[in-house]
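Shown next: coords25.tsv, given as TSV, C-alpha atoms.
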chain	number	residue	atom	x	y	z
A	1	MET	CA	24.37	21.94	-17.91
A	2	ALA	CA	25.07	18.27	-18.15
A	3	SER	CA	24.11	16.26	-15.10
A	4	THR	CA	24.16	12.59	-14.30
A	5	ALA	CA	21.11	11.11	-12.64
A	6	CYS	CA	19.88	7.56	-12.19
A	7	PHE	CA	16.40	6.92	-10.85
A	8	ILE	CA	15.12	3.56	-9.64
A	9	ILE	CA	11.99	2.44	-7.81
A	10	VAL	CA	12.60	-0.44	-5.39
A	11	SER	CA	9.67	-2.39	-3.99
A	12	ARG	CA	9.15	-3.45	-0.41
A	13	ASN	CA	10.87	-6.76	-1.12
A	14	ASP	CA	14.03	-5.08	-2.42
A	15	ILE	CA	13.27	-5.82	-6.05
A	16	PRO	CA	13.76	-2.95	-8.51
A	17	ILE	CA	10.48	-2.40	-10.33
A	18	TYR	CA	11.49	0.54	-12.50
A	19	GLU	CA	14.76	2.14	-13.51
A	20	ALA	CA	15.71	5.04	-15.75
A	21	GLU	CA	18.80	7.05	-16.54
A	22	VAL	CA	17.40	10.56	-16.49
A	23	GLY	CA	20.54	12.63	-16.59
A	24	SER	CA	21.33	14.92	-19.49
A	25	ALA	CA	24.99	13.92	-19.68
A	26	ALA	CA	26.21	11.51	-22.32
A	27	LYS	CA	25.97	7.87	-21.28
A	28	ARG	CA	29.20	6.10	-20.40
A	29	GLU	CA	29.36	2.32	-20.80
A	30	ASP	CA	30.62	1.57	-17.31
A	31	ALA	CA	28.49	4.22	-15.62
A	32	ALA	CA	25.19	2.35	-15.87
A	33	GLN	CA	26.26	-0.60	-13.73
A	34	LEU	CA	28.11	1.65	-11.34
A	35	HIS	CA	25.02	3.79	-10.72
A	36	GLN	CA	22.85	0.80	-9.99
A	37	PHE	CA	25.53	-0.68	-7.73
A	38	ILE	CA	25.71	2.50	-5.65
A	39	LEU	CA	21.93	2.65	-5.33
A	40	HIS	CA	21.65	-0.96	-4.24
A	41	ALA	CA	24.40	-0.47	-1.68
A	42	ALA	CA	22.46	2.45	-0.23
A	43	LEU	CA	19.39	0.25	0.42
A	44	ASP	CA	20.70	-0.85	3.82
A	45	ILE	CA	21.01	2.71	5.00
A	46	VAL	CA	17.49	3.46	3.81
A	47	GLN	CA	16.10	0.54	5.73
A	48	ASP	CA	17.50	1.80	9.02
A	49	LEU	CA	16.65	5.40	8.38
A	50	ALA	CA	13.08	4.74	7.30
A	51	TRP	CA	12.05	3.66	10.81
A	52	THR	CA	13.46	6.71	12.56
A	53	THR	CA	11.24	9.31	10.91
A	54	SER	CA	7.66	9.57	9.74
A	55	ALA	CA	8.53	11.88	6.85
A	56	MET	CA	8.56	10.41	3.37
A	57	PHE	CA	11.40	12.46	1.87
A	58	LEU	CA	14.73	11.43	3.35
A	59	LYS	CA	17.27	13.81	1.92
A	60	ALA	CA	20.76	12.89	0.88
A	61	ILE	CA	21.53	9.68	2.69
A	62	ASP	CA	24.74	8.52	1.07
A	63	ARG	CA	27.48	9.84	-1.16
A	64	PHE	CA	29.99	8.31	-3.54
A	65	ASN	CA	32.73	10.56	-4.92
A	66	ASP	CA	30.68	13.53	-6.01
A	67	LEU	CA	27.40	11.64	-6.51
A	68	VAL	CA	24.67	11.86	-3.89
A	69	VAL	CA	21.86	9.38	-3.20
A	70	SER	CA	18.49	10.85	-2.23
A	71	VAL	CA	15.58	8.66	-1.21
A	72	TYR	CA	11.81	9.02	-0.84
A	73	VAL	CA	9.97	6.24	1.03
A	74	THR	CA	6.24	5.75	0.51
A	75	ALA	CA	3.73	4.42	3.03
A	76	GLY	CA	3.96	0.96	1.52
A	77	HIS	CA	7.76	1.05	1.86
A	78	THR	CA	8.35	1.45	-1.84
A	79	ARG	CA	11.58	3.41	-2.23
A	80	PHE	CA	12.24	5.99	-4.92
A	81	MET	CA	15.99	6.42	-5.16
A	82	LEU	CA	17.79	9.07	-7.12
A	83	LEU	CA	21.51	9.19	-7.74
A	84	HIS	CA	22.56	12.67	-8.80
A	85	ASP	CA	25.28	15.24	-8.63
A	86	SER	CA	23.22	18.38	-8.12
A	87	ARG	CA	22.31	20.10	-4.88
A	88	ASN	CA	18.77	21.04	-5.80
A	89	ASP	CA	16.85	19.65	-2.78
A	90	ASP	CA	13.54	21.35	-3.50
A	91	GLY	CA	13.51	20.29	-7.12
A	92	ILE	CA	14.24	16.72	-6.12
A	93	LYS	CA	11.48	16.74	-3.51
A	94	SER	CA	8.94	18.00	-6.07
A	95	PHE	CA	10.15	15.38	-8.54
A	96	PHE	CA	9.62	12.63	-5.98
A	97	GLN	CA	6.17	13.88	-5.07
A	98	GLU	CA	5.03	13.94	-8.69
A	99	VAL	CA	6.42	10.45	-9.32
A	100	HIS	CA	4.66	9.30	-6.15
A	101	GLU	CA	1.32	10.39	-7.59
A	102	LEU	CA	2.06	8.53	-10.82
A	103	TYR	CA	3.05	5.45	-8.84
A	104	ILE	CA	-0.21	5.50	-6.85
A	105	LYS	CA	-2.17	5.63	-10.09
A	106	ILE	CA	-0.26	2.59	-11.37
A	107	LEU	CA	-0.79	0.80	-8.05
A	108	LEU	CA	-4.55	1.40	-8.07
A	109	ASN	CA	-4.85	-0.73	-11.19
A	110	PRO	CA	-6.39	-3.97	-9.84
A	111	LEU	CA	-4.57	-5.95	-12.50
A	112	TYR	CA	-1.18	-4.64	-11.40
A	113	LEU	CA	0.58	-6.99	-8.98
A	114	PRO	CA	2.26	-4.86	-6.29
A	115	GLY	CA	5.97	-5.51	-6.40
A	116	SER	CA	6.11	-6.42	-10.07
A	117	ARG	CA	7.84	-4.43	-12.79
A	118	VAL	CA	6.20	-1.27	-14.09
A	119	THR	CA	6.08	-1.75	-17.84
A	120	SER	CA	3.84	1.13	-18.94
A	121	SER	CA	5.61	3.19	-21.58
A	122	HIS	CA	3.38	6.15	-20.73
A	123	PHE	CA	4.70	6.05	-17.19
A	124	ASP	CA	8.24	6.02	-18.57
A	125	THR	CA	7.54	9.05	-20.76
A	126	LYS	CA	6.04	10.99	-17.91
A	127	VAL	CA	8.88	10.22	-15.51
A	128	ARG	CA	11.46	11.37	-18.02
A	129	ALA	CA	9.46	14.55	-18.68
A	130	LEU	CA	9.32	15.25	-14.95
A	131	ALA	CA	13.03	14.63	-14.65
A	132	ARG	CA	13.75	17.18	-17.37
A	133	LYS	CA	11.46	19.63	-15.63
A	134	TYR	CA	12.72	19.33	-12.06
A	135	LEU	CA	16.29	18.12	-12.26
B	136	MET	CA	-21.96	7.14	-43.98
B	137	ILE	CA	-21.83	4.60	-41.18
B	138	GLY	CA	-18.64	4.57	-39.21
B	139	VAL	CA	-17.63	8.13	-39.93
B	140	GLY	CA	-17.34	10.20	-36.87
B	141	LYS	CA	-15.00	11.48	-34.25
B	142	ILE	CA	-12.59	8.85	-33.05
B	143	LYS	CA	-12.77	8.85	-29.26
B	144	GLN	CA	-9.53	9.84	-27.62
B	145	TYR	CA	-8.80	7.59	-24.68
B	146	SER	CA	-6.78	9.55	-22.16
B	147	ASN	CA	-4.37	7.52	-20.13
B	148	VAL	CA	-5.18	7.08	-16.45
B	149	LEU	CA	-1.79	8.56	-15.60
B	150	ASP	CA	-2.92	11.89	-17.01
B	151	LYS	CA	-6.04	12.13	-14.92
B	152	PRO	CA	-5.77	13.77	-11.51
B	153	LEU	CA	-5.90	11.67	-8.36
B	154	SER	CA	-9.22	13.01	-7.13
B	155	LYS	CA	-11.06	12.39	-3.90
B	156	GLY	CA	-13.57	10.38	-5.88
B	157	LYS	CA	-17.19	9.74	-5.03
B	158	GLN	CA	-17.52	9.53	-1.27
B	159	GLU	CA	-20.52	7.26	-1.43
B	160	VAL	CA	-21.12	3.97	-3.16
B	161	SER	CA	-24.47	2.20	-3.34
B	162	LEU	CA	-24.72	-0.31	-0.47
B	163	SER	CA	-26.91	-2.68	-2.45
B	164	ALA	CA	-24.48	-2.63	-5.37
B	165	PHE	CA	-21.62	-3.49	-3.05
B	166	ALA	CA	-23.62	-6.19	-1.24
B	167	PHE	CA	-24.50	-7.75	-4.60
B	168	LEU	CA	-20.89	-7.65	-5.76
B	169	PHE	CA	-19.64	-9.13	-2.49
B	170	SER	CA	-22.20	-11.92	-2.54
B	171	GLU	CA	-21.09	-12.80	-6.07
B	172	LEU	CA	-17.48	-12.80	-4.90
B	173	VAL	CA	-18.30	-15.25	-2.09
B	174	GLN	CA	-20.41	-17.45	-4.34
B	175	TYR	CA	-17.74	-17.55	-7.04
B	176	ASN	CA	-15.11	-18.62	-4.54
B	177	GLN	CA	-17.46	-21.19	-3.04
B	178	THR	CA	-17.64	-23.04	-6.34
B	179	GLN	CA	-13.87	-23.13	-6.66
B	180	VAL	CA	-12.92	-24.64	-3.30
B	181	ASP	CA	-13.90	-27.74	-1.34
B	182	ASN	CA	-13.34	-26.64	2.24
B	183	ILE	CA	-13.98	-23.71	4.55
B	184	ALA	CA	-10.37	-22.86	5.29
B	185	GLU	CA	-9.59	-22.46	1.61
B	186	LEU	CA	-12.65	-20.21	1.13
B	187	GLU	CA	-11.55	-18.02	4.01
B	188	ARG	CA	-8.04	-17.82	2.61
B	189	ARG	CA	-9.34	-16.73	-0.80
B	190	LEU	CA	-11.48	-13.97	0.69
B	191	GLU	CA	-8.50	-12.86	2.73
B	192	ASP	CA	-6.29	-12.70	-0.34
B	193	ALA	CA	-8.90	-10.61	-2.12
B	194	GLY	CA	-8.90	-8.24	0.84
B	195	TYR	CA	-5.09	-8.15	0.97
B	196	ALA	CA	-4.93	-6.60	-2.50
B	197	VAL	CA	-7.39	-3.92	-1.40
B	198	GLY	CA	-5.47	-3.21	1.81
B	199	ALA	CA	-2.14	-2.63	0.07
B	200	ARG	CA	-3.69	-0.03	-2.23
B	201	VAL	CA	-5.82	1.62	0.43
B	202	LEU	CA	-2.73	2.26	2.57
B	203	GLU	CA	-0.83	4.09	-0.18
B	204	LEU	CA	-3.85	6.06	-1.33
B	205	LEU	CA	-4.96	7.19	2.12
B	206	CYS	CA	-1.49	8.13	3.31
B	207	HIS	CA	-1.15	10.31	0.25
B	208	ARG	CA	-4.65	11.77	0.28
B	209	ASP	CA	-5.59	12.12	3.92
B	210	LYS	CA	-2.37	12.12	5.85
B	211	GLY	CA	-0.32	14.53	3.79
B	212	ASN	CA	2.49	12.12	3.08
B	213	ARG	CA	3.38	11.09	6.63
B	214	ARG	CA	4.22	7.45	7.17
B	215	GLU	CA	3.38	5.45	10.27
B	216	THR	CA	6.40	4.01	12.03
B	217	ARG	CA	4.94	3.03	15.41
B	218	LEU	CA	2.57	0.20	16.27
B	219	LEU	CA	-0.09	2.32	17.98
B	220	GLY	CA	0.10	4.77	15.11
B	221	ILE	CA	-0.67	2.21	12.45
B	222	LEU	CA	-3.40	0.61	14.59
B	223	SER	CA	-5.20	3.90	15.14
B	224	PHE	CA	-4.76	4.64	11.41
B	225	VAL	CA	-6.56	1.37	10.60
B	226	HIS	CA	-9.16	1.88	13.29
B	227	SER	CA	-10.16	5.41	12.29
B	228	THR	CA	-8.96	6.52	8.84
B	229	VAL	CA	-9.25	3.22	6.97
B	230	TRP	CA	-12.56	2.30	8.55
B	231	LYS	CA	-13.97	5.77	7.91
B	232	VAL	CA	-13.09	5.68	4.23
B	233	LEU	CA	-14.22	2.09	3.67
B	234	PHE	CA	-17.30	1.87	5.87
B	235	GLY	CA	-18.26	5.48	6.58
B	236	LYS	CA	-17.65	5.32	10.33
B	237	VAL	CA	-14.77	4.60	12.70
B	238	ALA	CA	-14.56	1.09	14.12
B	239	ASP	CA	-16.46	0.50	17.34
B	240	SER	CA	-13.48	-0.30	19.51
B	241	LEU	CA	-9.78	-1.04	19.53
B	242	GLU	CA	-8.50	-3.17	22.39
B	243	LYS	CA	-5.22	-4.69	23.44
B	244	GLY	CA	-5.31	-8.41	24.15
B	245	THR	CA	-4.90	-9.34	27.79
B	246	GLU	CA	-3.33	-12.76	27.40
B	247	HIS	CA	-0.60	-11.99	24.85
B	248	GLU	CA	1.53	-8.92	24.24
B	249	ASP	CA	1.21	-9.15	20.48
B	250	GLU	CA	-2.58	-9.36	20.14
B	251	TYR	CA	-4.94	-6.50	19.37
B	252	MET	CA	-8.65	-6.57	18.57
B	253	ILE	CA	-10.84	-4.28	16.49
B	254	SER	CA	-14.51	-4.89	17.22
B	255	GLU	CA	-17.55	-3.99	15.23
B	256	LYS	CA	-21.17	-4.52	16.21
B	257	GLU	CA	-22.14	-5.37	12.63
B	258	LEU	CA	-19.52	-5.56	9.92
B	259	LEU	CA	-20.80	-3.99	6.71
B	260	VAL	CA	-19.84	-7.01	4.64
B	261	ASN	CA	-21.74	-9.37	6.96
B	262	LYS	CA	-24.87	-7.25	7.05
B	263	PHE	CA	-26.81	-9.28	4.52
B	264	ILE	CA	-25.15	-12.65	5.09
B	265	SER	CA	-26.25	-15.51	7.32
B	266	ILE	CA	-23.99	-18.50	7.75
B	267	PRO	CA	-25.61	-21.95	7.49
B	268	LYS	CA	-25.00	-24.26	10.46
B	269	ASP	CA	-22.92	-26.74	8.50
B	270	MET	CA	-20.27	-24.14	7.73
B	271	GLY	CA	-19.20	-23.93	11.32
B	272	THR	CA	-17.06	-20.97	12.23
B	273	PHE	CA	-16.76	-19.49	8.75
B	274	ASN	CA	-16.93	-15.68	8.72
B	275	CYS	CA	-17.16	-13.54	5.60
B	276	GLY	CA	-15.41	-10.89	7.62
B	277	ALA	CA	-12.30	-12.71	6.41
B	278	PHE	CA	-12.41	-10.19	3.58
B	279	VAL	CA	-12.06	-7.32	6.04
B	280	ALA	CA	-9.38	-9.25	7.92
B	281	GLY	CA	-7.54	-9.47	4.60
B	282	ILE	CA	-7.83	-5.70	4.12
B	283	VAL	CA	-6.35	-5.09	7.57
B	284	ARG	CA	-3.57	-7.59	6.89
B	285	GLY	CA	-2.83	-5.85	3.58
B	286	VAL	CA	-2.53	-2.47	5.28
B	287	LEU	CA	-0.34	-3.75	8.11
B	288	ASP	CA	1.87	-5.90	5.90
B	289	SER	CA	2.52	-3.13	3.40
B	290	ALA	CA	3.35	-0.70	6.17
B	291	GLY	CA	5.97	-3.08	7.51
B	292	PHE	CA	4.03	-4.63	10.43
B	293	PRO	CA	3.52	-8.27	9.39
B	294	ALA	CA	0.65	-9.88	11.27
B	295	VAL	CA	-1.83	-12.73	11.21
B	296	VAL	CA	-5.33	-11.27	11.07
B	297	THR	CA	-8.53	-13.27	11.54
B	298	ALA	CA	-12.21	-12.48	11.95
B	299	HIS	CA	-14.31	-14.06	14.69
B	300	PHE	CA	-17.88	-13.96	15.85
B	301	VAL	CA	-18.32	-13.09	19.52
B	302	PRO	CA	-21.84	-13.75	20.82
B	303	MET	CA	-23.20	-10.94	22.98
B	304	GLU	CA	-25.96	-11.27	25.55
B	305	GLY	CA	-29.04	-9.28	24.72
B	306	GLN	CA	-28.27	-9.07	21.00
B	307	GLN	CA	-29.54	-11.34	18.29
B	308	ARG	CA	-26.52	-11.05	16.00
B	309	PRO	CA	-23.05	-11.70	17.37
B	310	ARG	CA	-20.40	-9.00	17.41
B	311	THR	CA	-17.50	-9.38	14.97
B	312	THR	CA	-13.95	-9.07	16.21
B	313	ILE	CA	-10.90	-8.72	13.98
B	314	LEU	CA	-8.02	-10.30	15.86
B	315	ILE	CA	-4.55	-9.02	14.95
B	316	LYS	CA	-1.51	-11.01	16.05
B	317	PHE	CA	1.75	-9.27	15.18
B	318	ALA	CA	4.90	-11.11	14.17
B	319	GLU	CA	7.84	-11.29	16.55
B	320	GLU	CA	9.95	-8.83	14.56
B	321	VAL	CA	7.37	-6.09	14.96
B	322	LEU	CA	7.53	-6.25	18.75
B	323	GLN	CA	11.31	-6.37	18.70
B	324	ARG	CA	11.48	-3.31	16.51
B	325	GLU	CA	8.96	-1.49	18.71
B	326	ALA	CA	11.07	-2.26	21.76
B	327	ARG	CA	14.17	-1.05	19.95
B	328	LEU	CA	12.55	2.21	18.90
B	329	GLY	CA	11.58	2.83	22.51
Let me see the structure of the file written as structure tokens.
Amino acid sequence: MASTACFIIVSRNDIPIYEAEVGSAAKREDAAQLHQFILHAALDIVQDLAWTTSAMFLKAIDRFNDLVVSVYVTAGHTRFMLLHDSRNDDGIKSFFQEVHELYIKILLNPLYLPGSRVTSSHFDTKVRALARKYL
Amino acid sequence: MIGVGKIKQYSNVLDKPLSKGKQEVSLSAFAFLFSELVQYNQTQVDNIAELERRLEDAGYAVGARVLELLCHRDKGNRRETRLLGILSFVHSTVWKVLFGKVADSLEKGTEHEDEYMISEKELLVNKFISIPKDMGTFNCGAFVAGIVRGVLDSAGFPAVVTAHFVPMEGQQRPRTTILIKFAEEVLQREARLG
């Protein structure tokens, strides 16, 4: 079943440090910018919501047409945002938790500057594999 | 033939599990490494304030990583959203993982609303260090102050953190106090959250 999904990681300073289109639907030319625009617009909502709960997984926080934005906030206020059209909450939560582990391993690298772009191709491969598995 | 053999496969760090790791590290190895860190920075700067700032920056990098790692490992993915929560997290969890024991005390400052103090009879990093008289109020605990600042800053509680010596009667070595002064926005948000 074709599904659209756009995944970005936004650092504490509101700078995207990783983005990937992980949906299985065919890419449309105008869709890429639209997805990123929706995710950036949802950042304000995340900021307010993050201080009201101590959980990391905030479920669907915003919607646009039939696309839903789900967010996972880490302890260091790095936000994993997923734009998708499915309703699979558990799968999305597991996906976020696995990506969180990968992100911590990247962060522990003393030569990685927190808040800078994640350029590891291995990380990219693993995220896409996880997306195929859980989404 | 020379050179023929199994080519070692380097597995990427992303494939290895995030384990609890070795709980203990050799104290002498750490003390040696820390003394080299201080000496290296000493040759690069020409005044005390700059040296303290460099040690703090080194600690800041540690603090940011420690926060993420500990919240994931020890706290089961719960974030801290309240001031007292993050302070007790630093005072117990962070101290326990880094130094093997909880900090000696956590106090609220009496003069200002935004000041808190974590005290330690003998900071681990200062254990083998004596400050010469001509360096005045320099404290290598600036490294630990940097760690605390890294944790607080990454968690969304910006603060100015400094380390001070507090002489105690009846003890040869002075007590070390980490003074935390939170930014205005932290107090406003705390008041708003109720």
- Item | B:Ala298, B:Val160, B:Leu328, B:Leu314 ranked by distance to chain A, top pick (using all atoms listed in the file) | B:Leu328
- Could you please give me, as a list in words, the residues of protein, DNA or RNA lying at most 10 Å from (-8.0, -6.3, 17.2) in the coordinate frame of the file, considering all atoms listed in the file?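 Using all atoms listed in the file, the matching residues come out as Leu222, His226, Ser240, Leu241, Glu242, Lys243, Gly244, Glu250, Tyr251, Met252, Ile253, Ser254, Ala280, Val283, Val296, Thr297, Ala298, Thr312, Ile313, Leu314, Ile315 and Lys316 of chain B.
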Would you save the residues of that selection, restricted to C-alpha atoms, as a PDB file, in the coordinates of the input?
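Contents of the output file selection05.pdb:
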ATOM      1  CA  LEU B 222      -3.400   0.610  14.590  1.00  0.00           C
ATOM      2  CA  HIS B 226      -9.160   1.880  13.290  1.00  0.00           C
ATOM      3  CA  SER B 240     -13.480  -0.300  19.510  1.00  0.00           C
ATOM      4  CA  LEU B 241      -9.780  -1.040  19.530  1.00  0.00           C
ATOM      5  CA  GLU B 242      -8.500  -3.170  22.390  1.00  0.00           C
ATOM      6  CA  LYS B 243      -5.220  -4.690  23.440  1.00  0.00           C
ATOM      7  CA  GLY B 244      -5.310  -8.410  24.150  1.00  0.00           C
ATOM      8  CA  GLU B 250      -2.580  -9.360  20.140  1.00  0.00           C
ATOM      9  CA  TYR B 251      -4.940  -6.500  19.370  1.00  0.00           C
ATOM     10  CA  MET B 252      -8.650  -6.570  18.570  1.00  0.00           C
ATOM     11  CA  ILE B 253     -10.840  -4.280  16.490  1.00  0.00           C
ATOM     12  CA  SER B 254     -14.510  -4.890  17.220  1.00  0.00           C
ATOM     13  CA  ALA B 280      -9.380  -9.250   7.920  1.00  0.00           C
ATOM     14  CA  VAL B 283      -6.350  -5.090   7.570  1.00  0.00           C
ATOM     15  CA  VAL B 296      -5.330 -11.270  11.070  1.00  0.00           C
ATOM     16  CA  THR B 297      -8.530 -13.270  11.540  1.00  0.00           C
ATOM     17  CA  ALA B 298     -12.210 -12.480  11.950  1.00  0.00           C
ATOM     18  CA  THR B 312     -13.950  -9.070  16.210  1.00  0.00           C
ATOM     19  CA  ILE B 313     -10.900  -8.720  13.980  1.00  0.00           C
ATOM     20  CA  LEU B 314      -8.020 -10.300  15.860  1.00  0.00           C
ATOM     21  CA  ILE B 315      -4.550  -9.020  14.950  1.00  0.00           C
ATOM     22  CA  LYS B 316      -1.510 -11.010  16.050  1.00  0.00           C
TER      23      LYS B 316
END
I'd like a table as JSON lines: residues in chain B with an atom no more than 9 Å from chain A, each row giving the shortest atom pair and its distance in Å to one decimal, all atoms listed in the file counted, sorted by chain and rising residue number.
{"residue": "B:Asn147", "atom": "CA", "partner": "A:His122", "partner_atom": "CA", "distance": 7.9}
{"residue": "B:Val148", "atom": "CA", "partner": "A:Lys105", "partner_atom": "CA", "distance": 7.2}
{"residue": "B:Leu149", "atom": "CA", "partner": "A:Leu102", "partner_atom": "CA", "distance": 6.1}
{"residue": "B:Asp150", "atom": "CA", "partner": "A:Leu102", "partner_atom": "CA", "distance": 8.6}
{"residue": "B:Lys151", "atom": "CA", "partner": "A:Lys105", "partner_atom": "CA", "distance": 9.0}
{"residue": "B:Pro152", "atom": "CA", "partner": "A:Glu101", "partner_atom": "CA", "distance": 8.8}
{"residue": "B:Leu153", "atom": "CA", "partner": "A:Lys105", "partner_atom": "CA", "distance": 7.3}
{"residue": "B:Ala196", "atom": "CA", "partner": "A:Pro110", "partner_atom": "CA", "distance": 7.9}
{"residue": "B:Val197", "atom": "CA", "partner": "A:Pro110", "partner_atom": "CA", "distance": 8.5}
{"residue": "B:Ala199", "atom": "CA", "partner": "A:Gly76", "partner_atom": "CA", "distance": 7.2}
{"residue": "B:Arg200", "atom": "CA", "partner": "A:Leu108", "partner_atom": "CA", "distance": 6.1}
{"residue": "B:Val201", "atom": "CA", "partner": "A:Leu108", "partner_atom": "CA", "distance": 8.6}
{"residue": "B:Leu202", "atom": "CA", "partner": "A:Ala75", "partner_atom": "CA", "distance": 6.8}
{"residue": "B:Glu203", "atom": "CA", "partner": "A:Ala75", "partner_atom": "CA", "distance": 5.6}
{"residue": "B:Leu204", "atom": "CA", "partner": "A:Ile104", "partner_atom": "CA", "distance": 6.6}
{"residue": "B:Cys206", "atom": "CA", "partner": "A:Ala75", "partner_atom": "CA", "distance": 6.4}
{"residue": "B:His207", "atom": "CA", "partner": "A:Ala75", "partner_atom": "CA", "distance": 8.1}
{"residue": "B:Asn212", "atom": "CA", "partner": "A:Met56", "partner_atom": "CA", "distance": 6.3}
{"residue": "B:Arg213", "atom": "CA", "partner": "A:Ala55", "partner_atom": "CA", "distance": 5.2}
{"residue": "B:Arg214", "atom": "CA", "partner": "A:Ser54", "partner_atom": "CA", "distance": 4.8}
{"residue": "B:Glu215", "atom": "CA", "partner": "A:Ser54", "partner_atom": "CA", "distance": 6.0}
{"residue": "B:Thr216", "atom": "CA", "partner": "A:Trp51", "partner_atom": "CA", "distance": 5.8}
{"residue": "B:Arg217", "atom": "CA", "partner": "A:Trp51", "partner_atom": "CA", "distance": 8.5}
{"residue": "B:Val286", "atom": "CA", "partner": "A:Gly76", "partner_atom": "CA", "distance": 8.2}
{"residue": "B:Asp288", "atom": "CA", "partner": "A:Gly76", "partner_atom": "CA", "distance": 8.4}
{"residue": "B:Ser289", "atom": "CA", "partner": "A:Gly76", "partner_atom": "CA", "distance": 4.7}
{"residue": "B:Ala290", "atom": "CA", "partner": "A:Gly76", "partner_atom": "CA", "distance": 5.0}
{"residue": "B:Gly291", "atom": "CA", "partner": "A:His77", "partner_atom": "CA", "distance": 7.2}
{"residue": "B:Leu328", "atom": "CA", "partner": "A:Thr52", "partner_atom": "CA", "distance": 7.8}
- Message: Using Å and a single decimal, report how far atom CA of Val229 of chain B sits from atom CA of Gly329 of chain B.
- Response: 26.0 Å
- Query: If we count only C-alpha atoms, what is near Tyr134 of chain A at a cut-off of 8 Å, once residues fewer than 4 positions away on the same chain are taken out, given as a ChimeraX atom specification?
  - Reply: /A:91-92,94-95,130
- Item | Residue contacts of Ser11 of chain A (7 Å, all atoms listed in the file) excluding same-chain residues fewer than 3 positions away, as a PyMOL selection string | chain A and resi 14-17+78-79+115
- Task: Excluding Ser227 of chain B and residues on its chain fewer than 3 positions from it, collect all residues at most 7 Å away from it, counting all atoms listed in the file, and give them as a PyMOL selection string.
- Result: chain B and resi 223-224+230-231+237-238
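As for atom CA of Val321 of chain B and atom CA of Ile45 of chain A, they are spaced 19.0 Å apart.
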- Query: What is the distance, in Å and to one decimal place, between atom CA of Gly235 of chain B and atom CA of Ala193 of chain B?
  - Reply: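 According to the coordinates, atom CA of Gly235 of chain B and atom CA of Ala193 of chain B are separated by 20.5 Å.
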- Which is closest to Cys6 of chain A among A:Gln47, A:Asn65, A:Thr125, A:Ser70, if we use only C-alpha atoms?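 Result for the nearest residue to Cys6 of chain A: A:Ser70.
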- Shell of 12 Å around Ala166 of chain B, only C-alpha atoms, local chain residues under 6 positions omitted, as a PyMOL selection string: chain B and resi 160+172-173+258-264+275
- Residue among B:Lys256, B:Val301, B:Leu218, B:Leu233 lying closest to Lys157 of chain B, counting all atoms listed in the file: B:Leu233
- Polymer residues at most 7 Å from Arg310 of chain B, only C-alpha atoms, same-chain spacing of 6 or more positions, as a list in words: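 Final neighbour list, sorted by chain and number: Glu255, Lys256, Glu257, Phe300, Val301, Pro302 and Met303 of chain B.
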- Message: So, with only C-alpha atoms as the atoms that count, which of B:Ala294, B:Gln177, B:Asn182, B:Gly194 lies closest to Gly276 of chain B?
- Response: B:Gly194
How big is the axis-aligned box around the listed atoms of segment 10-14 of chain A once 5 Å is added on each side, and where is its centre? Give both in Å to one decimal, as AutoDock Vina command-line options.
--center_x 11.6 --center_y -3.6 --center_z -2.9 --size_x 14.9 --size_y 16.3 --size_z 15.0
- Message: Using all atoms listed in the file - which residues lie no farther than 10 Å from the point (22.0, 14.6, -0.7) in the file's frame? Write them as number ranges by chain.
- Response: A: 58-63, 67-71, 82-89, 92
Include C-alpha atoms and write out the residues we just selected as an mmCIF file, in the frame of the given file.
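Contents of out_32.cif, freshly written:
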data_model
loop_
_atom_site.group_PDB
_atom_site.id
_atom_site.type_symbol
_atom_site.label_atom_id
_atom_site.label_comp_id
_atom_site.auth_asym_id
_atom_site.auth_seq_id
_atom_site.Cartn_x
_atom_site.Cartn_y
_atom_site.Cartn_z
ATOM 1 C CA LEU A 58 14.730 11.430 3.350
ATOM 2 C CA LYS A 59 17.270 13.810 1.920
ATOM 3 C CA ALA A 60 20.760 12.890 0.880
ATOM 4 C CA ILE A 61 21.530 9.680 2.690
ATOM 5 C CA ASP A 62 24.740 8.520 1.070
ATOM 6 C CA ARG A 63 27.480 9.840 -1.160
ATOM 7 C CA LEU A 67 27.400 11.640 -6.510
ATOM 8 C CA VAL A 68 24.670 11.860 -3.890
ATOM 9 C CA VAL A 69 21.860 9.380 -3.200
ATOM 10 C CA SER A 70 18.490 10.850 -2.230
ATOM 11 C CA VAL A 71 15.580 8.660 -1.210
ATOM 12 C CA LEU A 82 17.790 9.070 -7.120
ATOM 13 C CA LEU A 83 21.510 9.190 -7.740
ATOM 14 C CA HIS A 84 22.560 12.670 -8.800
ATOM 15 C CA ASP A 85 25.280 15.240 -8.630
ATOM 16 C CA SER A 86 23.220 18.380 -8.120
ATOM 17 C CA ARG A 87 22.310 20.100 -4.880
ATOM 18 C CA ASN A 88 18.770 21.040 -5.800
ATOM 19 C CA ASP A 89 16.850 19.650 -2.780
ATOM 20 C CA ILE A 92 14.240 16.720 -6.120
#
